[in-house]
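Below: the structure, in structure tokens.
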Amino acid sequence: MEFFRGKKKRKTKPLVLMVIILVFVIFVVVRLNQLPEHQHAHKLRAVEVQVSDSEIRITKPHAKPTVTDVDPTLRSQDAEQVANHTNKREEAQTPKKKENAIESSKETVKIESKPEHAKPEQQAEKPHKETQEEWEAHRQEAEKLSTTWKVRFWVWLSEQHPNSSFILEVHNEWAPLGAKRFRELIESNYYNEVRFFRVIDHFMAQFGIGGKGQWGNIKDEPVVASNTRGTISYAKAGPNTRTTQCFINFRDNTGLDKKGFSPFGKVVEGMSTVDKIYKGYGESAPRGKGPQQHVLHAKGNAYLKKEFPKMSYILTTEIVP
């Protein structure tokens with residue numbers, strides 16, 4: 001009898017355990033069926049029951065499965081089902097987020113395109129209509145700046161050529177400030193009896209010290225024309241130091257363009273006269289036999305007449321048609 005009772009007890013325990021589990025599952029199913037639909041869905045989302053061959057697992061669907069969440073005893077197919085289930089749930093929520101984003105962007109555009117307190121556009125001011133007198137004044141000014149004019153230089157070259165000449169054509173558009181100053185000097189007869197005090201063969205002839213009156217500096221200008229043979233430019237000792245001294249190029253000295261020497265005119269007649277200007281004294285002292293400029297500034301033509309009698313000089317100038 002004792003053997004029979006022990007054997008019966010060993011068969012009863014598994015059977016009782018399975019009955020208890022079955023009753024528990026039936027109870028849970030019945031309770032879920034009695035709940036309203038929204039609560040039923042909530043409970044399903046709150047708890048998921050996974051059944052495998054060897055165990056029962058309860059997981060939260062909101063937690064995204066990671067490597068540590070999946071039990072090592074689960075097969076690879078079960079892990080893929082968990083991941084697919086989570087991805088489908090995220091994709092179901094994504095369209096709503098996109099729709100919300102599109103709607104908010106449309107609202108933003110609508111607000112920006114139609115502000116509540118938009119001010120009316122101001123009408124553009126009507127352009128000033130010039131009077132006949134103003135128009136004529138502007139026309140004359142533009143014509144003056146865009147035209148050229150000529151000046152004849154009468155020159156004493158030597159005892160053999162006491163009365164030679166050449167003509168310069170001044171271009172206002174090349175260097176307006178330089179051209180304006182040069183005309184003022186010509187009209188005031190500044191260059192009468194002024195010497196070519198620095199004449200270097202195959203380079204240039206410089207003049208402009210010793211005339212009457214004091215003239216201030218004028219600002220530098222962009223180099224528009226090049227320092228080619230026959231052109232005339234102002235000499236200078238640095239930036240914005242142009243006054244009355246000018247030089248005429250014997251040859252093409254285009255290297256002076258980069259140094260800021262702006263031509264404002266060119267010899268158009270009598271270049272042979274310019275080539276005959278006396279060159280015997282050459283460069284200014286102390287580098288050559290020419291005069292010292294600081295003495296020339298102090299004593300003027302009296303110094304040149306006494307010390308440099310062969311020096312060519314300007315007799316007079318006149319503006320020609």
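Chains: A, B, ... in order of the structure tokens. Residues: from 1 per chain. Ligands: from 1, in order shown.
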Inset, instruction - Mind checking which residues fall within 10 Å of Trp149 in chain A, counting only C-alpha atoms, ignoring those fewer than 4 positions away in the same chain, and posting them as a ChimeraX atom specification? - result: /A:144,168-172,179,183,265,319-321
Legend entry - Nearby residues (only C-alpha atoms) at most 9 Å from range 291-308 of chain A, same-chain spacing under 3 positions excluded, as a list in words: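 In the requested format, the answer is Glu193, Val194, Arg195, Phe197, Arg198, Ile209, Gly210, Gly211, Tyr281, Glu283, Ser284, Ala285, Pro286, Gly288 and Met311 of chain A.
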Inset, instruction - Could you give me, as number ranges by chain, the residues within 8 Å of Lys279 in chain A, counting only C-alpha atoms and dropping anything in the same chain fewer than 4 positions from it? - result: A: 199-201
Inset, instruction - Using only C-alpha atoms, find the one residue out of A:Trp156, A:Phe247, A:Tyr234, A:Trp174 that sits nearest to Lys276 in chain A. - result: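 Of A:Trp156, A:Phe247, A:Tyr234, A:Trp174, the one nearest Lys276 in chain A is A:Trp156, counting only C-alpha atoms.
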Inset, instruction - Can you work out the spacing between CA of Arg229 in chain A and CA of Lys258 in chain A in Å, to one decimal? - result: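 About the pair CA of Arg229 in chain A and CA of Lys258 in chain A: they are 16.4 Å apart.
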Inset, instruction - May I ask which of the residues A:Thr244, A:Ala175, A:Tyr191, A:Leu15 is the closest one to Glu318 in chain A, counting only C-alpha atoms? - result: A:Tyr191
Inset, instruction - Find the residues near Asn189 in chain A: any atom within 9 Å, counting only C-alpha atoms, skip ones fewer than 2 places away on the same chain, and give them as a PyMOL selection string. - result: chain A and resi 184-187+191-192+211-212+316-318
Legend entry - Atom-to-atom span, CA of Asn240 in chain A and CA of Gly213 in chain A, Å: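 Interatomic distance, CA of Asn240 in chain A to CA of Gly213 in chain A: 19.6 Å.
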Inset, instruction - Please indicate the distance in Å from CA of Lys266 in chain A to CA of Pro309 in chain A, rounded to one decimal place. - result: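 Rounded to one decimal, the two atoms are 28.0 Å apart.
Residue nearest Phe207 in chain A, chosen from A:Ser312, A:Ser226, A:Asn253, A:Ser158 and counting only C-alpha atoms: A:Ser312.
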